[in-house]
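Enquirer: Sharing work-v3.cif here; it has mmCIF, C-alpha atoms (C1' of nucleotides).
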```
data_query
loop_
_atom_site.label_atom_id
_atom_site.label_comp_id
_atom_site.auth_asym_id
_atom_site.auth_seq_id
_atom_site.Cartn_x
_atom_site.Cartn_y
_atom_site.Cartn_z
CA MET A 986 -62.58 -68.79 87.91
CA VAL A 987 -65.11 -71.10 89.38
CA THR A 988 -62.89 -74.03 88.70
CA SER A 989 -63.38 -75.69 92.03
CA ARG A 990 -66.58 -77.42 91.04
CA THR A 991 -65.16 -79.01 87.94
CA LEU A 992 -62.37 -80.53 90.00
CA ALA A 993 -64.80 -83.09 91.33
CA GLY A 994 -61.94 -83.96 93.62
CA PRO A 995 -62.16 -86.41 96.47
CA CYS A 996 -62.58 -83.87 99.24
CA ARG A 997 -65.05 -86.15 100.94
CA ALA A 998 -64.08 -86.66 104.53
CA TRP A 999 -61.72 -83.70 104.79
CA PRO A 1000 -58.54 -85.74 104.72
CA GLU A 1001 -56.00 -83.28 106.05
CA GLU A 1002 -55.96 -80.39 103.66
CA SER A 1003 -58.54 -78.67 105.79
CA THR A 1004 -56.02 -78.70 108.60
CA PHE A 1005 -53.87 -76.26 106.67
CA ILE A 1006 -56.79 -74.03 105.92
CA ARG A 1007 -57.72 -73.96 109.57
CA GLU A 1008 -54.14 -73.24 110.55
CA VAL A 1009 -54.13 -70.16 108.38
CA LEU A 1010 -57.61 -69.03 109.25
CA ASP A 1011 -56.96 -69.42 112.93
CA ARG A 1012 -54.13 -67.01 112.39
CA ILE A 1013 -55.73 -64.44 110.13
CA GLY A 1014 -59.27 -65.09 111.24
CA ASP A 1015 -59.27 -62.40 113.88
CA LYS A 1016 -59.45 -58.87 112.63
CA TRP A 1017 -56.36 -57.63 114.43
CA THR A 1018 -53.97 -60.03 112.75
CA VAL A 1019 -55.15 -58.96 109.33
CA LEU A 1020 -54.92 -55.30 110.14
CA VAL A 1021 -51.47 -55.63 111.68
CA VAL A 1022 -50.08 -57.73 108.87
CA THR A 1023 -51.40 -55.53 106.10
CA THR A 1024 -50.24 -52.43 107.93
CA LEU A 1025 -46.76 -53.87 108.27
CA SER A 1026 -46.75 -54.88 104.63
CA ASP A 1027 -46.19 -51.24 103.82
CA GLU A 1028 -43.19 -50.79 106.06
CA PRO A 1029 -41.66 -51.82 109.38
CA LEU A 1030 -43.19 -50.03 112.32
CA ARG A 1031 -42.59 -49.72 116.03
CA TYR A 1032 -45.07 -50.60 118.72
CA SER A 1033 -46.57 -47.18 119.20
CA ASP A 1034 -46.79 -46.58 115.47
CA LEU A 1035 -48.72 -49.78 115.06
CA GLN A 1036 -51.09 -48.82 117.80
CA ALA A 1037 -51.69 -45.56 116.01
CA SER A 1038 -52.01 -47.11 112.55
CA VAL A 1039 -54.51 -49.72 113.69
CA PRO A 1040 -57.17 -47.47 115.21
CA GLY A 1041 -59.27 -49.58 117.52
CA ILE A 1042 -56.64 -51.98 118.85
CA SER A 1043 -55.86 -52.30 122.55
CA GLN A 1044 -52.35 -52.77 123.92
CA ARG A 1045 -53.27 -56.22 125.00
CA MET A 1046 -54.44 -57.37 121.59
CA LEU A 1047 -51.57 -55.67 119.83
CA THR A 1048 -49.08 -57.45 122.06
CA VAL A 1049 -50.84 -60.79 121.82
CA THR A 1050 -51.15 -60.52 118.05
CA LEU A 1051 -47.53 -59.52 117.56
CA LYS A 1052 -46.29 -62.36 119.75
CA ALA A 1053 -48.33 -64.89 117.86
CA LEU A 1054 -47.08 -63.59 114.53
CA GLU A 1055 -43.50 -63.63 115.76
CA ARG A 1056 -43.94 -67.16 117.05
CA ASP A 1057 -45.10 -68.25 113.62
CA GLY A 1058 -42.17 -66.59 111.89
CA LEU A 1059 -44.32 -64.06 110.12
CA LEU A 1060 -42.58 -61.05 111.57
CA THR A 1061 -39.42 -60.15 113.44
CA ARG A 1062 -39.14 -58.19 116.64
CA THR A 1063 -36.09 -55.98 117.07
CA ALA A 1064 -35.53 -54.21 120.36
CA PHE A 1065 -33.02 -51.39 120.75
CA ALA A 1066 -31.53 -50.89 124.19
CA GLU A 1067 -32.06 -47.18 124.27
CA VAL A 1068 -33.17 -45.09 127.16
CA PRO A 1069 -36.64 -44.66 125.74
CA PRO A 1070 -37.12 -48.23 124.55
CA ARG A 1071 -37.65 -48.70 120.85
CA VAL A 1072 -38.99 -51.90 119.31
CA VAL A 1073 -39.45 -52.36 115.59
CA TYR A 1074 -41.64 -54.99 113.99
CA GLU A 1075 -41.06 -56.07 110.43
CA LEU A 1076 -42.64 -58.73 108.29
CA THR A 1077 -40.47 -61.64 107.24
CA ASP A 1078 -40.58 -62.92 103.67
CA LEU A 1079 -42.99 -65.51 104.92
CA GLY A 1080 -45.13 -62.82 106.47
CA ARG A 1081 -45.12 -60.80 103.29
CA SER A 1082 -46.18 -63.80 101.25
CA LEU A 1083 -49.09 -64.22 103.63
CA ALA A 1084 -49.86 -60.55 103.32
CA ASP A 1085 -50.03 -61.00 99.56
CA ALA A 1086 -52.47 -63.85 99.96
CA VAL A 1087 -54.60 -61.74 102.24
CA MET A 1088 -54.46 -58.91 99.72
CA ALA A 1089 -55.79 -61.33 97.13
CA LEU A 1090 -58.70 -62.07 99.39
CA ALA A 1091 -59.18 -58.36 99.90
CA ALA A 1092 -59.31 -58.00 96.13
CA TRP A 1093 -62.12 -60.53 96.03
CA ALA A 1094 -63.91 -58.59 98.71
CA ALA A 1095 -63.51 -55.29 96.89
CA THR A 1096 -64.84 -56.87 93.72
CA HIS A 1097 -67.82 -58.67 95.14
CA HIS A 1098 -68.82 -56.89 98.30
CA GLU A 1099 -71.53 -55.02 96.41
CA GLN A 1100 -73.21 -58.24 95.36
CA VAL A 1101 -73.04 -59.47 98.92
CA ALA A 1102 -74.48 -56.24 100.24
CA ALA A 1103 -77.26 -56.38 97.65
CA SER A 1104 -78.17 -59.94 98.53
CA ARG A 1105 -78.07 -59.06 102.20
CA ALA A 1106 -80.37 -56.11 101.67
CA ALA A 1107 -82.76 -58.24 99.62
CA HIS A 1108 -83.05 -60.74 102.42
CA ALA A 1109 -83.63 -57.94 104.87
CA ARG A 1110 -86.54 -56.71 102.75
CA SER A 1111 -88.20 -60.09 102.63
CA GLY A 1112 -89.25 -61.08 106.12
CA VAL A 1113 -86.42 -61.58 108.55
CA GLY A 1114 -87.41 -60.48 111.98
CA ARG A 1115 -91.04 -59.61 111.23
CA GLU A 1116 -93.65 -62.33 111.16
CA LYS A 1117 -93.22 -66.00 110.55
CA THR A 1118 -92.20 -65.89 106.92
CA ARG A 1119 -92.10 -69.47 105.77
CA HIS A 1120 -89.42 -70.44 103.30
CA ALA A 1121 -90.73 -70.67 99.77
CA LEU A 1122 -90.91 -74.16 98.38
CA ALA A 1123 -89.55 -75.10 95.00
CA ARG A 1124 -91.45 -77.52 92.83
CA PRO A 1125 -94.43 -78.05 95.11
CA THR A 1126 -94.90 -81.66 94.10
CA GLY A 1127 -91.24 -82.49 93.92
CA PRO A 1128 -89.70 -84.66 91.19
CA ALA A 1129 -88.85 -87.38 93.69
CA THR A 1130 -85.25 -88.43 93.99
CA SER A 1131 -85.10 -91.21 91.42
CA MET B 7 -44.91 -62.49 95.14
CA VAL B 8 -44.03 -60.19 97.93
CA THR B 9 -45.14 -57.23 95.92
CA SER B 10 -47.11 -55.60 98.67
CA ARG B 11 -44.11 -53.97 100.26
CA THR B 12 -42.95 -52.29 97.09
CA LEU B 13 -46.37 -50.77 96.67
CA ALA B 14 -45.60 -48.26 99.37
CA GLY B 15 -49.25 -47.41 99.00
CA PRO B 16 -51.09 -44.97 101.20
CA CYS B 17 -52.70 -47.52 103.46
CA ARG B 18 -52.08 -45.25 106.40
CA ALA B 19 -55.30 -44.75 108.28
CA TRP B 20 -57.17 -47.72 106.80
CA PRO B 21 -59.44 -45.64 104.59
CA GLU B 22 -62.17 -48.12 103.76
CA GLU B 23 -60.54 -50.98 101.97
CA SER B 24 -60.11 -52.73 105.29
CA THR B 25 -63.87 -52.73 105.60
CA PHE B 26 -64.12 -55.13 102.70
CA ILE B 27 -61.45 -57.37 104.12
CA ARG B 28 -63.28 -57.49 107.41
CA GLU B 29 -66.54 -58.19 105.66
CA VAL B 30 -65.03 -61.25 104.05
CA LEU B 31 -63.12 -62.40 107.08
CA ASP B 32 -66.13 -62.06 109.28
CA ARG B 33 -67.78 -64.48 106.92
CA ILE B 34 -65.05 -67.03 106.38
CA GLY B 35 -63.29 -66.41 109.66
CA ASP B 36 -65.12 -69.12 111.50
CA LYS B 37 -64.14 -72.67 110.73
CA TRP B 38 -67.62 -73.88 109.84
CA THR B 39 -68.16 -71.46 106.98
CA VAL B 40 -64.92 -72.51 105.37
CA LEU B 41 -65.67 -76.18 105.76
CA VAL B 42 -69.21 -75.82 104.45
CA VAL B 43 -68.22 -73.70 101.48
CA THR B 44 -65.34 -75.90 100.42
CA THR B 45 -67.47 -78.99 100.89
CA LEU B 46 -70.20 -77.52 98.70
CA SER B 47 -67.63 -76.49 96.12
CA ASP B 48 -67.48 -80.13 95.10
CA GLU B 49 -71.19 -80.55 94.58
CA PRO B 50 -74.61 -79.54 95.90
CA LEU B 51 -75.59 -81.36 99.04
CA ARG B 52 -78.60 -81.68 101.28
CA TYR B 53 -78.73 -80.83 104.94
CA SER B 54 -78.01 -84.27 106.31
CA ASP B 55 -75.24 -84.84 103.79
CA LEU B 56 -73.57 -81.65 104.89
CA GLN B 57 -73.81 -82.65 108.49
CA ALA B 58 -72.12 -85.92 107.61
CA SER B 59 -69.49 -84.34 105.38
CA VAL B 60 -68.48 -81.78 107.97
CA PRO B 61 -67.66 -84.05 110.90
CA GLY B 62 -67.79 -81.98 114.05
CA ILE B 63 -70.57 -79.54 113.18
CA SER B 64 -73.73 -79.24 115.26
CA GLN B 65 -77.17 -78.71 113.74
CA ARG B 66 -77.27 -75.29 115.21
CA MET B 67 -74.03 -74.13 113.63
CA LEU B 68 -74.84 -75.81 110.35
CA THR B 69 -78.17 -74.01 110.20
CA VAL B 70 -76.73 -70.69 111.29
CA THR B 71 -73.86 -70.96 108.82
CA LEU B 72 -76.13 -71.93 105.93
CA LYS B 73 -78.53 -69.09 106.65
CA ALA B 74 -75.73 -66.57 106.74
CA LEU B 75 -74.31 -67.85 103.48
CA GLU B 76 -77.74 -67.78 101.86
CA ARG B 77 -78.31 -64.27 103.11
CA ASP B 78 -75.07 -63.16 101.50
CA GLY B 79 -75.97 -64.79 98.21
CA LEU B 80 -73.20 -67.34 98.41
CA LEU B 81 -75.47 -70.33 98.20
CA THR B 82 -79.05 -71.21 97.32
CA ARG B 83 -81.48 -73.19 99.40
CA THR B 84 -83.95 -75.36 97.53
CA ALA B 85 -86.67 -77.15 99.47
CA PHE B 86 -88.76 -79.94 97.95
CA ALA B 87 -92.23 -80.45 99.34
CA GLU B 88 -91.94 -84.15 99.73
CA VAL B 89 -93.14 -86.30 102.55
CA PRO B 90 -89.69 -86.73 103.96
CA PRO B 91 -88.50 -83.15 103.49
CA ARG B 92 -85.52 -82.67 101.22
CA VAL B 93 -83.49 -79.48 101.09
CA VAL B 94 -80.54 -79.02 98.79
CA TYR B 95 -77.85 -76.40 99.21
CA GLU B 96 -75.77 -75.30 96.27
CA LEU B 97 -73.14 -72.64 95.87
CA THR B 98 -73.95 -69.72 93.63
CA ASP B 99 -71.38 -68.41 91.16
CA LEU B 100 -70.52 -65.83 93.76
CA GLY B 101 -70.08 -68.55 96.34
CA ARG B 102 -67.86 -70.55 94.04
CA SER B 103 -65.68 -67.55 93.34
CA LEU B 104 -65.25 -67.13 97.08
CA ALA B 105 -64.48 -70.82 97.37
CA ASP B 106 -61.75 -70.36 94.80
CA ALA B 107 -60.27 -67.50 96.79
CA VAL B 108 -60.33 -69.64 99.91
CA MET B 109 -58.67 -72.45 97.98
CA ALA B 110 -55.92 -70.02 97.05
CA LEU B 111 -55.39 -69.29 100.69
CA ALA B 112 -55.39 -73.02 101.38
CA ALA B 113 -52.68 -73.34 98.76
CA TRP B 114 -50.59 -70.81 100.65
CA ALA B 115 -51.15 -72.79 103.82
CA ALA B 116 -50.16 -76.06 102.20
CA THR B 117 -47.00 -74.46 100.87
CA HIS B 118 -45.88 -72.66 103.97
CA HIS B 119 -47.36 -74.48 106.93
CA GLU B 120 -44.09 -76.34 107.47
CA GLN B 121 -42.17 -73.12 107.89
CA VAL B 122 -44.77 -71.90 110.32
CA ALA B 123 -44.64 -75.14 112.27
CA ALA B 124 -40.85 -74.99 112.34
CA SER B 125 -40.83 -71.44 113.62
CA ARG B 126 -43.44 -72.33 116.17
CA ALA B 127 -41.40 -75.28 117.38
CA ALA B 128 -38.27 -73.15 117.59
CA HIS B 129 -40.03 -70.65 119.80
CA ALA B 130 -41.30 -73.47 121.95
CA ARG B 131 -37.73 -74.70 122.43
CA SER B 132 -36.46 -71.33 123.54
CA GLY B 133 -38.16 -70.39 126.77
CA VAL B 134 -41.89 -69.86 126.53
CA GLY B 135 -43.61 -70.94 129.68
CA ARG B 136 -40.53 -71.84 131.72
CA GLU B 137 -38.56 -69.13 133.46
CA LYS B 138 -38.43 -65.47 132.74
CA THR B 139 -36.59 -65.55 129.44
CA ARG B 140 -35.88 -61.99 128.56
CA HIS B 141 -36.08 -60.96 124.94
CA ALA B 142 -32.69 -60.67 123.31
CA LEU B 143 -31.69 -57.14 122.48
CA ALA B 144 -30.35 -56.12 119.11
CA ARG B 145 -27.57 -53.58 118.87
CA PRO B 146 -27.04 -53.02 122.61
CA THR B 147 -26.05 -49.40 122.22
CA GLY B 148 -28.56 -48.56 119.57
CA PRO B 149 -27.84 -46.36 116.56
CA ALA B 150 -30.36 -43.77 117.66
CA THR B 151 -33.19 -42.94 115.33
CA SER B 152 -31.65 -40.21 113.23
"C1'" DC C 1216 -41.99 -46.29 125.33
"C1'" DA C 1217 -43.20 -50.99 125.36
"C1'" DG C 1218 -45.13 -54.15 127.45
"C1'" DA C 1219 -47.13 -57.56 131.52
"C1'" DA C 1220 -50.79 -58.63 134.66
"C1'" DT C 1221 -55.46 -58.62 136.26
"C1'" DC C 1222 -60.39 -58.30 136.14
"C1'" DC C 1223 -64.52 -59.01 133.90
"C1'" DC C 1224 -68.17 -59.18 130.42
"C1'" DC C 1225 -70.72 -61.22 126.78
"C1'" DA C 1226 -71.16 -63.37 122.38
"C1'" DC C 1227 -69.92 -67.64 120.17
"C1'" DG C 1228 -71.01 -72.03 119.99
"C1'" DG C 1229 -72.04 -76.96 122.00
"C1'" DA C 1230 -75.70 -80.03 123.96
"C1'" DT C 1231 -80.29 -81.08 124.40
"C1'" DA C 1232 -85.21 -81.17 123.56
"C1'" DC C 1233 -89.10 -80.13 120.67
"C1'" DT C 1234 -91.73 -79.40 115.96
"C1'" DG C 1235 -93.71 -79.39 110.94
"C1'" DC D 1484 -85.64 -85.13 107.48
"C1'" DA D 1485 -84.76 -80.52 108.43
"C1'" DG D 1486 -84.87 -77.63 111.12
"C1'" DT D 1487 -86.16 -74.29 115.71
"C1'" DA D 1488 -85.86 -72.99 120.63
"C1'" DT D 1489 -83.55 -72.88 124.98
"C1'" DC D 1490 -80.03 -73.31 128.33
"C1'" DC D 1491 -75.45 -72.65 129.57
"C1'" DG D 1492 -70.24 -73.06 129.69
"C1'" DT D 1493 -66.02 -71.12 127.80
"C1'" DG D 1494 -62.68 -67.93 126.29
"C1'" DG D 1495 -61.80 -63.91 123.36
"C1'" DG D 1496 -60.89 -59.54 124.06
"C1'" DG D 1497 -61.69 -54.62 126.16
"C1'" DA D 1498 -60.50 -51.49 130.12
"C1'" DT D 1499 -57.51 -50.58 133.61
"C1'" DT D 1500 -53.36 -50.68 136.38
"C1'" DC D 1501 -48.49 -51.52 137.17
"C1'" DT D 1502 -43.35 -52.25 135.72
"C1'" DG D 1503 -38.49 -52.07 133.37
#
```
So that I can check it, write out the structure of this file as structure tokens.
Expert:
Amino acid sequence: MVTSRTLAGPCRAWPEESTFIREVLDRIGDKWTVLVVTTLSDEPLRYSDLQASVPGISQRMLTVTLKALERDGLLTRTAFAEVPPRVVYELTDLGRSLADAVMALAAWAATHHEQVAASRAAHARSGVGREKTRHALARPTGPATS
Amino acid sequence: MVTSRTLAGPCRAWPEESTFIREVLDRIGDKWTVLVVTTLSDEPLRYSDLQASVPGISQRMLTVTLKALERDGLLTRTAFAEVPPRVVYELTDLGRSLADAVMALAAWAATHHEQVAASRAAHARSGVGREKTRHALARPTGPATS
DNA sequence: CAGAATCCCCACGGATACTG
DNA sequence: CAGTATCCGTGGGGATTCTG
């Protein structure tokens, strides 16, 4: 890992690659999308099942999220014309590939969240809200740029 | 890929793993964090350089983002006590590992964004805003659940 | 059951001005 | 240069109500 630095690539002015990143993050950035996608990665579910499987979600956000995901071809919506309506949502191959990518990120989180929590706690212990705790200075006299 | 479905894992009630995912997504969910982290993955930069390298960012958001990342141990802040102040931000190993994970997600985006765009365009062509376009029904008579 | 529609709040974030 | 402090607009999203 940690190969990105050694790339020394010309990422300078954010040519256009960042557009793709934003496109994905705008989609999975909100919590509901992630929860819905990962939940559906297990198996297809109907509306009410999803609402049950994703604890805090409101009907509104569930509907909005599902529509957006359908629009982007990440899942399919199948409605059955039965007397009590039944609608099943299932990830497409595209959706599952995204789910895998998200899982990879989740793996990172599971691996490193302790370090993050530790660092967060350390900063909390040093002054955060209390008092005007000035940032510590490195190399008081400074080496001067060049 | 697409292994997540075959897991058939007990993700049911989102035990606690989702917490980690959220923790990460809450961090990289906003556009600025991603842009800052990926920008710094190339090389350490000072405040003004970052502001220049990340086009649309305001001082406020740059500061807020940097503080959050420092708090989480993803980057280090080094201030030099010179007459014109100089502060350099550099990713930690932890930060670089996150950057790599984000890059992986970017790779997914670069690979699949066309499919997403296509699907999005297709949905735009079928009725979205115009008229009340009812959803098509699958299997009009329905097979009944079981 | 599966949504659509409406109201409404507040936190995220931009713009601006000031400071060490 | 490298921030901090303040004001304020916008829209994301929850709660509620109604429909096919």
Enquirer: Output as a VMD selection string the set of chain B residues within 8 Å of chain D, with distances taken over only C-alpha atoms (C1' of nucleotides).
Expert: chain B and resid 53 to 54 69 90 to 93
Enquirer: Keeping only C-alpha atoms, write the selected residues as a PDB file, in the frame of the given file.
Expert:
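Output (again25.pdb):
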```pdb
ATOM      1  CA  TYR B  53     -78.730 -80.830 104.940  1.00  0.00           C
ATOM      2  CA  SER B  54     -78.010 -84.270 106.310  1.00  0.00           C
ATOM      3  CA  THR B  69     -78.170 -74.010 110.200  1.00  0.00           C
ATOM      4  CA  PRO B  90     -89.690 -86.730 103.960  1.00  0.00           C
ATOM      5  CA  PRO B  91     -88.500 -83.150 103.490  1.00  0.00           C
ATOM      6  CA  ARG B  92     -85.520 -82.670 101.220  1.00  0.00           C
ATOM      7  CA  VAL B  93     -83.490 -79.480 101.090  1.00  0.00           C
TER       8      VAL B  93
END
```
Enquirer: Select residues of chain B: the criterion is any atom within 9 Å of an atom of chain C, counting all atoms listed in the file; output as a PyMOL selection string.
Expert: chain B and resi 64+66-67
Enquirer: Specify the axis-aligned box that encloses all atoms of stretch 1219-1233 of chain C listed in the file after padding of 5 Å on each side, stating its centre and edge lengths in Å to one decimal as JSON.
Expert:
```
{"center_x": -68.1, "center_y": -69.4, "center_z": 128.1, "size_x": 52.0, "size_y": 33.6, "size_z": 26.3}
```
Enquirer: Which residue is closest to chain A? Choose from B:Arg126, B:Arg33, B:Arg52, B:Lys73 and count only C-alpha atoms.
Expert: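 That would be B:Arg126, the residue with the smallest distance to chain A.
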Enquirer: Pick from A:Leu1076, A:Leu1035, A:Val1019, A:Ala1091: nearest to chain B, with only C-alpha atoms counted?
Expert: A:Ala1091
Enquirer: Restricting the calculation to all atoms listed in the file: of B:Ile63, B:Gly35, B:Val43, B:Tyr95, which residue gets closest to chain A?
Expert: B:Gly35
Enquirer: Considering all atoms listed in the file, state which residue in the set A:Ala1109, A:Ala1094, A:Leu1047, A:Leu1054 is at the smallest distance from chain B.
Expert: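 Once distances to chain B are computed over all atoms listed in the file, the minimum belongs to A:Ala1094.
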Enquirer: Nearest to chain B: which of A:Leu1025, A:Ala1106, A:Val1073, A:Phe1065 is it, counting all atoms listed in the file?
Expert: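 Nearest to chain B: A:Phe1065.
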Enquirer: Calculate how many Å separate atom CA of A:Glu1002 from atom CA of B:Asp48, rounding to one decimal.
Expert: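 For atom CA of A:Glu1002 relative to atom CA of B:Asp48, the distance reads 14.4 Å.
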Enquirer: One decimal, Å: what's the distance from atom CA of B:Ala110 over to atom CA of A:Ser1082, could you say?
Expert: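 Rounded to one decimal, the two atoms are 12.3 Å apart.
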Enquirer: Mind checking which residues fall within 9 Å of B:Val42, counting all atoms listed in the file, ignoring those fewer than 4 positions away in the same chain, and posting them as a list in words?
Expert: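 Once the adjacent positions are removed, what remains is Lys37, Trp38, Leu46, Ser47, Leu56, Ser59, Val60, Leu68, Thr71 and Leu72 of chain B.
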Enquirer: Give me the result of the PyMOL selection byres ((chain A and resi 1084) around 8) on this file, residue by residue, as a list in words.
Expert: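 The output of the PyMOL selection byres ((chain A and resi 1084) around 8) on this file is Val1022, Thr1023, Ser1026, Gly1080, Arg1081, Ser1082, Leu1083, Asp1085, Ala1086, Val1087 and Met1088 of chain A; Val8 and Ser10 of chain B.
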Enquirer: Take atom CA of B:Pro50 and atom CA of B:Glu96 and report the distance between them in Å, one decimal.
Expert: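 Distance reported for this atom pair: 4.4 Å.
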